[in-house]
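Participant: Got a file for you: final23.pdb, PDB, C-alpha atoms, pLDDT in the B column.
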```
ATOM      1  CA  MET E 467      -9.302  -0.404  25.683  1.00 65.00           C
ATOM      2  CA  SER E 468     -11.620  -2.545  27.810  1.00 73.00           C
ATOM      3  CA  PRO E 469     -10.101  -5.338  29.954  1.00 74.00           C
ATOM      4  CA  ASP E 470     -11.846  -8.011  27.846  1.00 75.00           C
ATOM      5  CA  THR E 471     -10.413  -6.610  24.631  1.00 76.00           C
ATOM      6  CA  PHE E 472      -7.022  -6.344  26.254  1.00 77.00           C
ATOM      7  CA  GLU E 473      -7.127 -10.003  27.336  1.00 80.00           C
ATOM      8  CA  LEU E 474      -8.162 -11.018  23.808  1.00 81.00           C
ATOM      9  CA  PHE E 475      -5.265  -8.968  22.443  1.00 83.00           C
ATOM     10  CA  ARG E 476      -2.837 -10.726  24.806  1.00 86.00           C
ATOM     11  CA  TYR E 477      -3.909 -14.251  23.820  1.00 88.00           C
ATOM     12  CA  PHE E 478      -3.883 -13.422  20.132  1.00 90.00           C
ATOM     13  CA  ILE E 479      -0.366 -11.995  20.477  1.00 91.00           C
ATOM     14  CA  ILE E 480       0.765 -15.277  22.078  1.00 92.00           C
ATOM     15  CA  PHE E 481      -0.850 -17.258  19.250  1.00 92.00           C
ATOM     16  CA  ILE E 482       0.824 -15.035  16.642  1.00 93.00           C
ATOM     17  CA  ILE E 483       4.231 -15.432  18.295  1.00 93.00           C
ATOM     18  CA  LEU E 484       3.814 -19.231  18.306  1.00 93.00           C
ATOM     19  CA  LEU E 485       2.738 -19.219  14.646  1.00 92.00           C
ATOM     20  CA  PHE E 486       5.785 -17.111  13.824  1.00 93.00           C
ATOM     21  CA  ILE E 487       8.103 -19.502  15.696  1.00 93.00           C
ATOM     22  CA  ALA E 488       6.598 -22.468  13.805  1.00 92.00           C
ATOM     23  CA  GLY E 489       7.170 -20.704  10.467  1.00 92.00           C
ATOM     24  CA  VAL E 490      10.761 -19.715  11.261  1.00 93.00           C
ATOM     25  CA  TYR E 491      11.545 -23.243  12.514  1.00 92.00           C
ATOM     26  CA  CYS E 492      10.067 -24.752   9.362  1.00 90.00           C
ATOM     27  CA  VAL E 493      12.100 -22.454   7.090  1.00 90.00           C
ATOM     28  CA  LEU E 494      15.323 -23.092   9.004  1.00 90.00           C
ATOM     29  CA  VAL E 495      15.022 -26.863   9.411  1.00 89.00           C
ATOM     30  CA  SER E 496      13.538 -27.932   6.058  1.00 86.00           C
ATOM     31  CA  PHE E 497      15.836 -29.382   3.432  1.00 84.00           C
ATOM     32  CA  ASN E 498      13.100 -29.198   0.831  1.00 85.00           C
ATOM     33  CA  LEU E 499      12.323 -25.993  -1.032  1.00 88.00           C
ATOM     34  CA  MET E 500       8.570 -26.663  -1.027  1.00 88.00           C
ATOM     35  CA  ARG E 501       8.511 -27.087   2.733  1.00 89.00           C
ATOM     36  CA  ALA E 502      10.548 -23.887   3.105  1.00 91.00           C
ATOM     37  CA  LEU E 503       7.894 -22.111   1.012  1.00 91.00           C
ATOM     38  CA  ILE E 504       5.166 -23.530   3.252  1.00 92.00           C
ATOM     39  CA  GLY E 505       7.097 -22.190   6.262  1.00 92.00           C
ATOM     40  CA  LEU E 506       7.243 -18.790   4.579  1.00 93.00           C
ATOM     41  CA  GLU E 507       3.468 -18.991   4.075  1.00 93.00           C
ATOM     42  CA  ILE E 508       3.003 -19.664   7.796  1.00 93.00           C
ATOM     43  CA  LEU E 509       5.137 -16.593   8.569  1.00 94.00           C
ATOM     44  CA  ILE E 510       2.962 -14.468   6.265  1.00 94.00           C
ATOM     45  CA  LYS E 511      -0.179 -15.846   7.925  1.00 93.00           C
ATOM     46  CA  ALA E 512       1.129 -14.699  11.327  1.00 94.00           C
ATOM     47  CA  VAL E 513       1.762 -11.188   9.962  1.00 94.00           C
ATOM     48  CA  THR E 514      -1.697 -11.105   8.333  1.00 94.00           C
ATOM     49  CA  LEU E 515      -3.357 -12.031  11.603  1.00 93.00           C
ATOM     50  CA  LEU E 516      -1.301  -9.383  13.430  1.00 93.00           C
ATOM     51  CA  ILE E 517      -2.455  -6.656  11.030  1.00 93.00           C
ATOM     52  CA  ILE E 518      -6.111  -7.705  11.307  1.00 93.00           C
ATOM     53  CA  LEU E 519      -5.833  -7.821  15.096  1.00 91.00           C
ATOM     54  CA  ALA E 520      -4.236  -4.369  15.187  1.00 88.00           C
ATOM     55  CA  GLY E 521      -7.108  -3.018  13.075  1.00 88.00           C
ATOM     56  CA  TYR E 522      -9.669  -4.641  15.357  1.00 88.00           C
ATOM     57  CA  ILE E 523      -8.064  -3.335  18.533  1.00 84.00           C
ATOM     58  CA  CYS E 524      -7.622   0.201  17.143  1.00 82.00           C
ATOM     59  CA  ASP E 525     -11.131   0.140  15.619  1.00 81.00           C
ATOM     60  CA  ARG E 526      -9.726   0.749  12.127  1.00 83.00           C
ATOM     61  CA  VAL E 527     -10.837  -2.471  10.501  1.00 87.00           C
ATOM     62  CA  ALA E 528     -11.224  -0.934   7.032  1.00 87.00           C
ATOM     63  CA  LEU E 529      -7.608   0.254   6.921  1.00 88.00           C
ATOM     64  CA  ALA E 530      -6.380  -3.133   8.179  1.00 89.00           C
ATOM     65  CA  GLN E 531      -8.403  -4.953   5.526  1.00 90.00           C
ATOM     66  CA  ALA E 532      -7.004  -2.702   2.779  1.00 89.00           C
ATOM     67  CA  ILE E 533      -3.450  -3.457   3.940  1.00 91.00           C
ATOM     68  CA  VAL E 534      -4.206  -7.190   4.153  1.00 93.00           C
ATOM     69  CA  LEU E 535      -5.551  -7.179   0.587  1.00 91.00           C
ATOM     70  CA  THR E 536      -2.245  -5.672  -0.567  1.00 91.00           C
ATOM     71  CA  LEU E 537      -0.372  -8.265   1.485  1.00 92.00           C
ATOM     72  CA  ILE E 538      -2.360 -11.106  -0.085  1.00 92.00           C
ATOM     73  CA  VAL E 539      -1.592  -9.831  -3.596  1.00 91.00           C
ATOM     74  CA  ILE E 540       2.126  -9.650  -2.758  1.00 91.00           C
ATOM     75  CA  GLU E 541       1.945 -13.104  -1.172  1.00 91.00           C
ATOM     76  CA  ILE E 542       0.379 -14.751  -4.202  1.00 91.00           C
ATOM     77  CA  VAL E 543       2.935 -13.212  -6.577  1.00 91.00           C
ATOM     78  CA  ILE E 544       5.796 -14.314  -4.326  1.00 91.00           C
ATOM     79  CA  MET E 545       4.435 -17.850  -4.185  1.00 90.00           C
ATOM     80  CA  VAL E 546       3.895 -18.093  -7.952  1.00 89.00           C
ATOM     81  CA  VAL E 547       7.423 -16.865  -8.702  1.00 89.00           C
ATOM     82  CA  ALA E 548       8.911 -19.050  -5.956  1.00 90.00           C
ATOM     83  CA  GLY E 549       7.032 -22.053  -7.361  1.00 87.00           C
ATOM     84  CA  GLY E 550       8.600 -21.237 -10.732  1.00 86.00           C
ATOM     85  CA  VAL E 551      12.046 -21.105  -9.106  1.00 86.00           C
ATOM     86  CA  VAL E 552      11.460 -24.501  -7.470  1.00 87.00           C
ATOM     87  CA  LEU E 553      10.343 -26.009 -10.773  1.00 85.00           C
ATOM     88  CA  TRP E 554      13.354 -24.500 -12.538  1.00 83.00           C
ATOM     89  CA  ALA E 555      15.681 -25.881  -9.861  1.00 84.00           C
ATOM     90  CA  TYR E 556      14.100 -29.320 -10.181  1.00 85.00           C
ATOM     91  CA  LYS E 557      14.289 -29.246 -13.962  1.00 82.00           C
ATOM     92  CA  TYR E 558      18.032 -28.542 -14.041  1.00 82.00           C
ATOM     93  CA  ASN E 559      19.182 -30.370 -10.914  1.00 81.00           C
ATOM     94  CA  LYS E 560      16.583 -33.148 -10.517  1.00 80.00           C
ATOM     95  CA  THR E 561      16.292 -32.295  -6.825  1.00 79.00           C
ATOM     96  CA  ILE E 562      14.712 -29.634  -4.622  1.00 80.00           C
ATOM     97  CA  ASP E 563      17.077 -30.236  -1.735  1.00 80.00           C
ATOM     98  CA  PRO E 564      18.899 -26.896  -1.193  1.00 79.00           C
ATOM     99  CA  ARG E 565      22.034 -28.742   0.002  1.00 79.00           C
ATOM    100  CA  ARG E 566      22.449 -30.196  -3.480  1.00 78.00           C
ATOM    101  CA  LEU E 567      21.802 -27.016  -5.423  1.00 77.00           C
ATOM    102  CA  SER E 568      25.400 -26.019  -6.015  1.00 72.00           C
ATOM    103  CA  ASN E 569      25.260 -24.512  -9.496  1.00 68.00           C
ATOM    104  CA  LEU E 570      25.856 -20.980  -8.239  1.00 67.00           C
ATOM    105  CA  ARG E 571      28.608 -21.914  -5.806  1.00 65.00           C
ATOM    106  CA  GLY E 572      31.701 -19.798  -6.446  1.00 59.00           C
TER     107      GLY E 572
ATOM    108  CA  MET D1116       4.800 -30.529   8.452  1.00 45.00           C
ATOM    109  CA  THR D1117       3.839 -34.083   7.603  1.00 46.00           C
ATOM    110  CA  ILE D1118       5.609 -36.831   5.714  1.00 53.00           C
ATOM    111  CA  ARG D1119       4.106 -36.199   2.316  1.00 76.00           C
ATOM    112  CA  LEU D1120       4.300 -32.820   0.644  1.00 83.00           C
ATOM    113  CA  VAL D1121       0.652 -32.954  -0.423  1.00 86.00           C
ATOM    114  CA  HIS D1122      -0.395 -33.494   3.199  1.00 87.00           C
ATOM    115  CA  SER D1123       1.619 -30.403   4.152  1.00 88.00           C
ATOM    116  CA  VAL D1124      -0.121 -28.385   1.438  1.00 90.00           C
ATOM    117  CA  VAL D1125      -3.541 -29.564   2.631  1.00 91.00           C
ATOM    118  CA  GLY D1126      -2.544 -28.638   6.198  1.00 91.00           C
ATOM    119  CA  LEU D1127      -1.582 -25.169   4.993  1.00 91.00           C
ATOM    120  CA  ALA D1128      -4.953 -24.807   3.256  1.00 92.00           C
ATOM    121  CA  LEU D1129      -6.713 -25.796   6.494  1.00 93.00           C
ATOM    122  CA  THR D1130      -4.620 -23.234   8.401  1.00 92.00           C
ATOM    123  CA  SER D1131      -5.710 -20.595   5.893  1.00 93.00           C
ATOM    124  CA  ALA D1132      -9.346 -21.609   6.315  1.00 93.00           C
ATOM    125  CA  ILE D1133      -9.080 -21.349  10.123  1.00 93.00           C
ATOM    126  CA  LEU D1134      -7.382 -17.957   9.734  1.00 93.00           C
ATOM    127  CA  ALA D1135     -10.254 -16.844   7.503  1.00 93.00           C
ATOM    128  CA  VAL D1136     -12.753 -17.790  10.222  1.00 94.00           C
ATOM    129  CA  ILE D1137     -10.727 -15.822  12.797  1.00 93.00           C
ATOM    130  CA  MET D1138     -10.622 -12.820  10.452  1.00 92.00           C
ATOM    131  CA  TYR D1139     -14.377 -12.999   9.980  1.00 92.00           C
ATOM    132  CA  ARG D1140     -14.833 -13.038  13.750  1.00 91.00           C
ATOM    133  CA  LEU D1141     -12.582  -9.974  13.992  1.00 90.00           C
ATOM    134  CA  ASN D1142     -14.968  -7.931  11.786  1.00 88.00           C
ATOM    135  CA  SER D1143     -12.898  -8.288   8.615  1.00 89.00           C
ATOM    136  CA  PRO D1144     -15.180 -10.177   6.196  1.00 90.00           C
ATOM    137  CA  LEU D1145     -13.563  -8.923   2.973  1.00 90.00           C
ATOM    138  CA  ALA D1146     -10.071  -9.956   4.070  1.00 90.00           C
ATOM    139  CA  ALA D1147     -11.511 -13.300   5.228  1.00 92.00           C
ATOM    140  CA  VAL D1148     -13.053 -13.950   1.813  1.00 92.00           C
ATOM    141  CA  PHE D1149      -9.762 -13.112   0.089  1.00 90.00           C
ATOM    142  CA  GLU D1150      -7.848 -15.310   2.514  1.00 90.00           C
ATOM    143  CA  LEU D1151     -10.207 -18.220   1.930  1.00 91.00           C
ATOM    144  CA  SER D1152     -10.363 -17.958  -1.850  1.00 90.00           C
ATOM    145  CA  VAL D1153      -6.835 -16.843  -2.698  1.00 88.00           C
ATOM    146  CA  CYS D1154      -4.613 -18.198   0.070  1.00 85.00           C
ATOM    147  CA  SER D1155      -6.533 -21.355   0.842  1.00 87.00           C
ATOM    148  CA  GLY D1156      -7.541 -22.077  -2.754  1.00 88.00           C
ATOM    149  CA  LEU D1157      -5.163 -20.599  -5.290  1.00 88.00           C
ATOM    150  CA  ILE D1158      -1.922 -21.081  -3.369  1.00 89.00           C
ATOM    151  CA  SER D1159      -2.847 -24.709  -2.658  1.00 89.00           C
ATOM    152  CA  VAL D1160      -3.445 -25.221  -6.375  1.00 88.00           C
ATOM    153  CA  ILE D1161      -0.052 -23.647  -7.164  1.00 87.00           C
ATOM    154  CA  PHE D1162       1.729 -25.822  -4.607  1.00 88.00           C
ATOM    155  CA  ILE D1163       0.005 -29.027  -5.694  1.00 88.00           C
ATOM    156  CA  THR D1164       0.765 -28.226  -9.342  1.00 85.00           C
ATOM    157  CA  THR D1165       4.430 -27.691  -8.465  1.00 84.00           C
ATOM    158  CA  VAL D1166       4.542 -30.930  -6.474  1.00 84.00           C
ATOM    159  CA  SER D1167       2.889 -32.825  -9.321  1.00 84.00           C
ATOM    160  CA  PHE D1168       5.739 -31.812 -11.662  1.00 81.00           C
ATOM    161  CA  THR D1169       8.308 -33.498  -9.413  1.00 78.00           C
ATOM    162  CA  GLN D1170       8.909 -37.227  -9.256  1.00 75.00           C
ATOM    163  CA  ARG D1171       8.400 -39.553  -6.326  1.00 73.00           C
ATOM    164  CA  ILE D1172      11.635 -40.717  -4.674  1.00 72.00           C
ATOM    165  CA  SER D1173      12.480 -44.384  -4.182  1.00 75.00           C
ATOM    166  CA  LYS D1174      11.098 -46.257  -1.197  1.00 77.00           C
ATOM    167  CA  GLU D1175      14.499 -46.721   0.507  1.00 77.00           C
ATOM    168  CA  ARG D1176      15.346 -43.008   0.241  1.00 75.00           C
ATOM    169  CA  PHE D1177      11.840 -42.145   1.408  1.00 76.00           C
ATOM    170  CA  ILE D1178      12.272 -44.221   4.585  1.00 79.00           C
ATOM    171  CA  VAL D1179      15.683 -42.649   5.325  1.00 78.00           C
ATOM    172  CA  ARG D1180      14.423 -39.133   4.667  1.00 76.00           C
ATOM    173  CA  ARG D1181      11.304 -39.680   6.738  1.00 77.00           C
ATOM    174  CA  ARG D1182      13.431 -40.662   9.734  1.00 80.00           C
ATOM    175  CA  GLU D1183      15.688 -37.623   9.263  1.00 79.00           C
ATOM    176  CA  ARG D1184      12.693 -35.299   8.907  1.00 79.00           C
ATOM    177  CA  LEU D1185      10.942 -36.692  11.967  1.00 81.00           C
ATOM    178  CA  LEU D1186      14.113 -36.129  13.984  1.00 82.00           C
ATOM    179  CA  ARG D1187      14.415 -32.562  12.724  1.00 82.00           C
ATOM    180  CA  PHE D1188      10.777 -31.664  13.394  1.00 83.00           C
ATOM    181  CA  LEU D1189      10.594 -33.555  16.694  1.00 85.00           C
ATOM    182  CA  TYR D1190      11.645 -30.465  18.645  1.00 87.00           C
ATOM    183  CA  LEU D1191       8.965 -28.178  17.186  1.00 87.00           C
ATOM    184  CA  PRO D1192       5.977 -29.305  19.353  1.00 89.00           C
ATOM    185  CA  PHE D1193       8.110 -29.094  22.497  1.00 91.00           C
ATOM    186  CA  ILE D1194       9.371 -25.616  21.578  1.00 91.00           C
ATOM    187  CA  ILE D1195       5.800 -24.470  20.845  1.00 90.00           C
ATOM    188  CA  ILE D1196       4.446 -25.888  24.126  1.00 92.00           C
ATOM    189  CA  ILE D1197       7.286 -24.535  26.278  1.00 92.00           C
ATOM    190  CA  VAL D1198       7.321 -21.066  24.668  1.00 91.00           C
ATOM    191  CA  GLY D1199       3.514 -20.950  24.812  1.00 90.00           C
ATOM    192  CA  LEU D1200       3.451 -21.785  28.520  1.00 91.00           C
ATOM    193  CA  LEU D1201       6.186 -19.223  29.221  1.00 91.00           C
ATOM    194  CA  LEU D1202       4.338 -16.537  27.279  1.00 89.00           C
ATOM    195  CA  VAL D1203       1.008 -17.288  29.006  1.00 87.00           C
ATOM    196  CA  ARG D1204       2.763 -17.096  32.358  1.00 88.00           C
ATOM    197  CA  TYR D1205       5.126 -14.164  31.877  1.00 86.00           C
ATOM    198  CA  LEU D1206       3.992 -12.031  28.937  1.00 84.00           C
ATOM    199  CA  LYS D1207       2.817  -8.707  30.285  1.00 82.00           C
ATOM    200  CA  ILE D1208       1.603  -6.103  27.834  1.00 77.00           C
ATOM    201  CA  PRO D1209       1.329  -2.602  29.284  1.00 75.00           C
ATOM    202  CA  GLN D1210      -2.062  -0.919  29.023  1.00 72.00           C
ATOM    203  CA  PHE D1211      -2.072   1.706  26.309  1.00 68.00           C
ATOM    204  CA  SER D1212      -4.558   4.232  25.054  1.00 66.00           C
ATOM    205  CA  LEU D1213      -5.130   4.975  21.394  1.00 64.00           C
ATOM    206  CA  PRO D1214      -5.342   8.419  19.787  1.00 64.00           C
ATOM    207  CA  CYS D1215      -8.758   9.336  18.460  1.00 58.00           C
ATOM    208  CA  LEU D1216      -8.329   9.887  14.717  1.00 62.00           C
ATOM    209  CA  ALA D1217     -10.859  10.364  11.955  1.00 60.00           C
ATOM    210  CA  GLN D1218     -12.065   6.935  10.819  1.00 70.00           C
ATOM    211  CA  VAL D1219     -13.251   5.609   7.510  1.00 72.00           C
ATOM    212  CA  THR D1220     -15.290   2.439   7.876  1.00 74.00           C
ATOM    213  CA  ASP D1221     -15.647   1.446   4.221  1.00 80.00           C
ATOM    214  CA  VAL D1222     -12.817  -0.651   2.769  1.00 79.00           C
ATOM    215  CA  ARG D1223     -13.525   0.602  -0.752  1.00 81.00           C
ATOM    216  CA  LEU D1224     -13.087   4.222   0.322  1.00 82.00           C
ATOM    217  CA  VAL D1225      -9.830   3.390   2.090  1.00 81.00           C
ATOM    218  CA  LEU D1226      -8.478   1.405  -0.845  1.00 80.00           C
ATOM    219  CA  TRP D1227      -9.468   3.781  -3.633  1.00 83.00           C
ATOM    220  CA  ASN D1228      -9.230   7.175  -1.900  1.00 81.00           C
ATOM    221  CA  MET D1229      -6.523   6.801   0.741  1.00 80.00           C
ATOM    222  CA  ARG D1230      -4.161   4.079  -0.452  1.00 82.00           C
ATOM    223  CA  HIS D1231      -3.408   5.038  -4.071  1.00 81.00           C
ATOM    224  CA  LEU D1232       0.208   4.025  -3.754  1.00 84.00           C
ATOM    225  CA  ASP D1233      -0.796   0.546  -2.582  1.00 84.00           C
ATOM    226  CA  LEU D1234      -2.842   0.025  -5.725  1.00 86.00           C
ATOM    227  CA  LEU D1235       0.046   1.214  -7.892  1.00 87.00           C
ATOM    228  CA  GLY D1236       2.380  -1.137  -6.025  1.00 87.00           C
ATOM    229  CA  GLN D1237      -0.050  -4.031  -6.465  1.00 87.00           C
ATOM    230  CA  ALA D1238      -0.243  -3.424 -10.210  1.00 89.00           C
ATOM    231  CA  ILE D1239       3.563  -3.280 -10.506  1.00 90.00           C
ATOM    232  CA  ILE D1240       3.984  -6.436  -8.413  1.00 88.00           C
ATOM    233  CA  ILE D1241       1.414  -8.336 -10.494  1.00 89.00           C
ATOM    234  CA  ILE D1242       3.195  -7.292 -13.709  1.00 90.00           C
ATOM    235  CA  ALA D1243       6.534  -8.356 -12.193  1.00 88.00           C
ATOM    236  CA  GLY D1244       4.966 -11.696 -11.206  1.00 86.00           C
ATOM    237  CA  VAL D1245       3.634 -12.235 -14.724  1.00 87.00           C
ATOM    238  CA  PHE D1246       7.083 -11.533 -16.191  1.00 85.00           C
ATOM    239  CA  GLY D1247       8.628 -13.895 -13.640  1.00 82.00           C
ATOM    240  CA  VAL D1248       6.252 -16.695 -14.593  1.00 80.00           C
ATOM    241  CA  VAL D1249       6.855 -16.107 -18.309  1.00 82.00           C
ATOM    242  CA  VAL D1250      10.626 -16.222 -17.811  1.00 78.00           C
ATOM    243  CA  PHE D1251      10.568 -19.353 -15.644  1.00 72.00           C
ATOM    244  CA  PHE D1252       8.172 -21.331 -17.806  1.00 71.00           C
ATOM    245  CA  LYS D1253       9.681 -20.328 -21.141  1.00 73.00           C
ATOM    246  CA  GLU D1254      11.132 -23.181 -23.144  1.00 70.00           C
ATOM    247  CA  PRO D1255      14.800 -22.586 -24.026  1.00 64.00           C
ATOM    248  CA  ASN D1256      15.542 -21.878 -27.711  1.00 65.00           C
ATOM    249  CA  LYS D1257      17.055 -24.834 -29.523  1.00 58.00           C
TER     250      LYS D1257
END
```
Take the structure in the file and give it back as structure tokens.

Facilitator:
Amino acid sequence: MSPDTFELFRYFIIFIILLFIAGVYCVLVSFNLMRALIGLEILIKAVTLLIILAGYICDRVALAQAIVLTLIVIEIVIMVVAGGVVLWAYKYNKTIDPRRLSNLRG
Amino acid sequence: MTIRLVHSVVGLALTSAILAVIMYRLNSPLAAVFELSVCSGLISVIFITTVSFTQRISKERFIVRRRERLLRFLYLPFIIIIVGLLLVRYLKIPQFSLPCLAQVTDVRLVLWNMRHLDLLGQAIIIIAGVFGVVVFFKEPNK
């Protein structure tokens, strides 16, 4: 790996770590299911960028793109189903604040 | 994370668009196109549709919640700046060499010839997603 590529790799890794921290913080701190989903999206974006970067560094861009396509399909299905869960929660509880969703509390 | 949910969704779409540009610069045009069309477009539509089904809260509750949310998210920029500075200063990644393996440069060949199981998994996940949507949006029997 050339020094330039290595430096690029280092800065991208820092950016990915920061993106990951922002996503985790958003998921942990939000008291709104939609914002938690947006935090989850940010987490997935960090992972996507990491896979693409790994493919670029290892010179296996095609394999990385194939994996990212699979990841995007999984992501969209997760978001659609999670959106359905949020709508269902709102329909029956009239709120999307997870602190007030106590129907399943034992 | 802004005050209004729609602003947050638009911010997420912009993040996806920036990520697509980065992907394009990293020699991954197909993934960039998917990211831009699916993640930036379709997921934003899903989120905005979900938000549009909910009702706006009263002005008094909005003011209280906005203050609470600002307090909760106040720490995030400081954490990002401090961790970023620490990483720039102290993160050392050891030099590594990569094994020389046979490479396939065409995404279509990789996807259709090498990753059969991925395609099967994608099909199963899409079917599961369709069933999930049908179950969640089904009207209860009266």

Participant: May I ask which of the residues D:Val1179, D:Val1219, D:Ala1238, D:Leu1201 is the closest one to E:Gly521, counting all atoms listed in the file?

Facilitator: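 Under the stated criterion, the closest residue is D:Val1219.
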
Participant: Got a sec: who's within 7 Å of E:Val534, counting only C-alpha atoms, leaving out chain neighbours fewer than 4 positions off, as a PyMOL selection string?

Facilitator: (chain E and resi 514+530+538) or (chain D and resi 1146)

Participant: Could you state which residues are captured by the ChimeraX specification (/D :<8) & /E in this file, as an mmCIF file with C-alpha atoms, in the coordinates of the input?

Facilitator:
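Everything below was put into selection-v8.cif:
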```cif
data_model
loop_
_atom_site.group_PDB
_atom_site.id
_atom_site.type_symbol
_atom_site.label_atom_id
_atom_site.label_comp_id
_atom_site.auth_asym_id
_atom_site.auth_seq_id
_atom_site.Cartn_x
_atom_site.Cartn_y
_atom_site.Cartn_z
ATOM 1 C CA MET E 467 -9.302 -0.404 25.683
ATOM 2 C CA PHE E 472 -7.022 -6.344 26.254
ATOM 3 C CA ARG E 476 -2.837 -10.726 24.806
ATOM 4 C CA TYR E 477 -3.909 -14.251 23.820
ATOM 5 C CA ILE E 480 0.765 -15.277 22.078
ATOM 6 C CA PHE E 481 -0.850 -17.258 19.250
ATOM 7 C CA LEU E 484 3.814 -19.231 18.306
ATOM 8 C CA ILE E 487 8.103 -19.502 15.696
ATOM 9 C CA ALA E 488 6.598 -22.468 13.805
ATOM 10 C CA TYR E 491 11.545 -23.243 12.514
ATOM 11 C CA CYS E 492 10.067 -24.752 9.362
ATOM 12 C CA VAL E 495 15.022 -26.863 9.411
ATOM 13 C CA SER E 496 13.538 -27.932 6.058
ATOM 14 C CA MET E 500 8.570 -26.663 -1.027
ATOM 15 C CA ARG E 501 8.511 -27.087 2.733
ATOM 16 C CA ILE E 504 5.166 -23.530 3.252
ATOM 17 C CA ILE E 508 3.003 -19.664 7.796
ATOM 18 C CA LYS E 511 -0.179 -15.846 7.925
ATOM 19 C CA LEU E 515 -3.357 -12.031 11.603
ATOM 20 C CA ILE E 518 -6.111 -7.705 11.307
ATOM 21 C CA LEU E 519 -5.833 -7.821 15.096
ATOM 22 C CA TYR E 522 -9.669 -4.641 15.357
ATOM 23 C CA CYS E 524 -7.622 0.201 17.143
ATOM 24 C CA ARG E 526 -9.726 0.749 12.127
ATOM 25 C CA VAL E 527 -10.837 -2.471 10.501
ATOM 26 C CA ALA E 528 -11.224 -0.934 7.032
ATOM 27 C CA LEU E 529 -7.608 0.254 6.921
ATOM 28 C CA GLN E 531 -8.403 -4.953 5.526
ATOM 29 C CA ALA E 532 -7.004 -2.702 2.779
ATOM 30 C CA VAL E 534 -4.206 -7.190 4.153
ATOM 31 C CA LEU E 535 -5.551 -7.179 0.587
ATOM 32 C CA THR E 536 -2.245 -5.672 -0.567
ATOM 33 C CA ILE E 538 -2.360 -11.106 -0.085
ATOM 34 C CA VAL E 539 -1.592 -9.831 -3.596
ATOM 35 C CA ILE E 540 2.126 -9.650 -2.758
ATOM 36 C CA ILE E 542 0.379 -14.751 -4.202
ATOM 37 C CA VAL E 543 2.935 -13.212 -6.577
ATOM 38 C CA ILE E 544 5.796 -14.314 -4.326
ATOM 39 C CA MET E 545 4.435 -17.850 -4.185
ATOM 40 C CA VAL E 546 3.895 -18.093 -7.952
ATOM 41 C CA VAL E 547 7.423 -16.865 -8.702
ATOM 42 C CA GLY E 549 7.032 -22.053 -7.361
ATOM 43 C CA GLY E 550 8.600 -21.237 -10.732
ATOM 44 C CA VAL E 551 12.046 -21.105 -9.106
ATOM 45 C CA VAL E 552 11.460 -24.501 -7.470
ATOM 46 C CA LEU E 553 10.343 -26.009 -10.773
ATOM 47 C CA TRP E 554 13.354 -24.500 -12.538
ATOM 48 C CA TYR E 556 14.100 -29.320 -10.181
#
```

Participant: By how many Å are atom CA of E:Ala555 and atom CA of E:Ser568 apart?

Facilitator: 10.5 Å

Participant: What is the atom CA of D:Glu1254-atom CA of D:Gly1156 distance in Å, reported with one decimal?

Facilitator: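 It comes out at 27.7 Å.
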
Participant: Please compute the atom CA of D:Leu1232-atom CA of E:Ile517 distance, one decimal, in Å.

Facilitator: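 Atom-to-atom, atom CA of D:Leu1232 and atom CA of E:Ile517 are spaced 18.4 Å apart.
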
Participant: If you take every atom of stretch 486-490 of chain E that the file lists and fit an axis-aligned box around them with 4 Å extra on each side, what centre and edge lengths come out in Å to one decimal, as AutoDock Vina command-line options?

Facilitator:
```
--center_x 8.3 --center_y -19.8 --center_z 13.1 --size_x 13.0 --size_y 13.4 --size_z 13.2
```
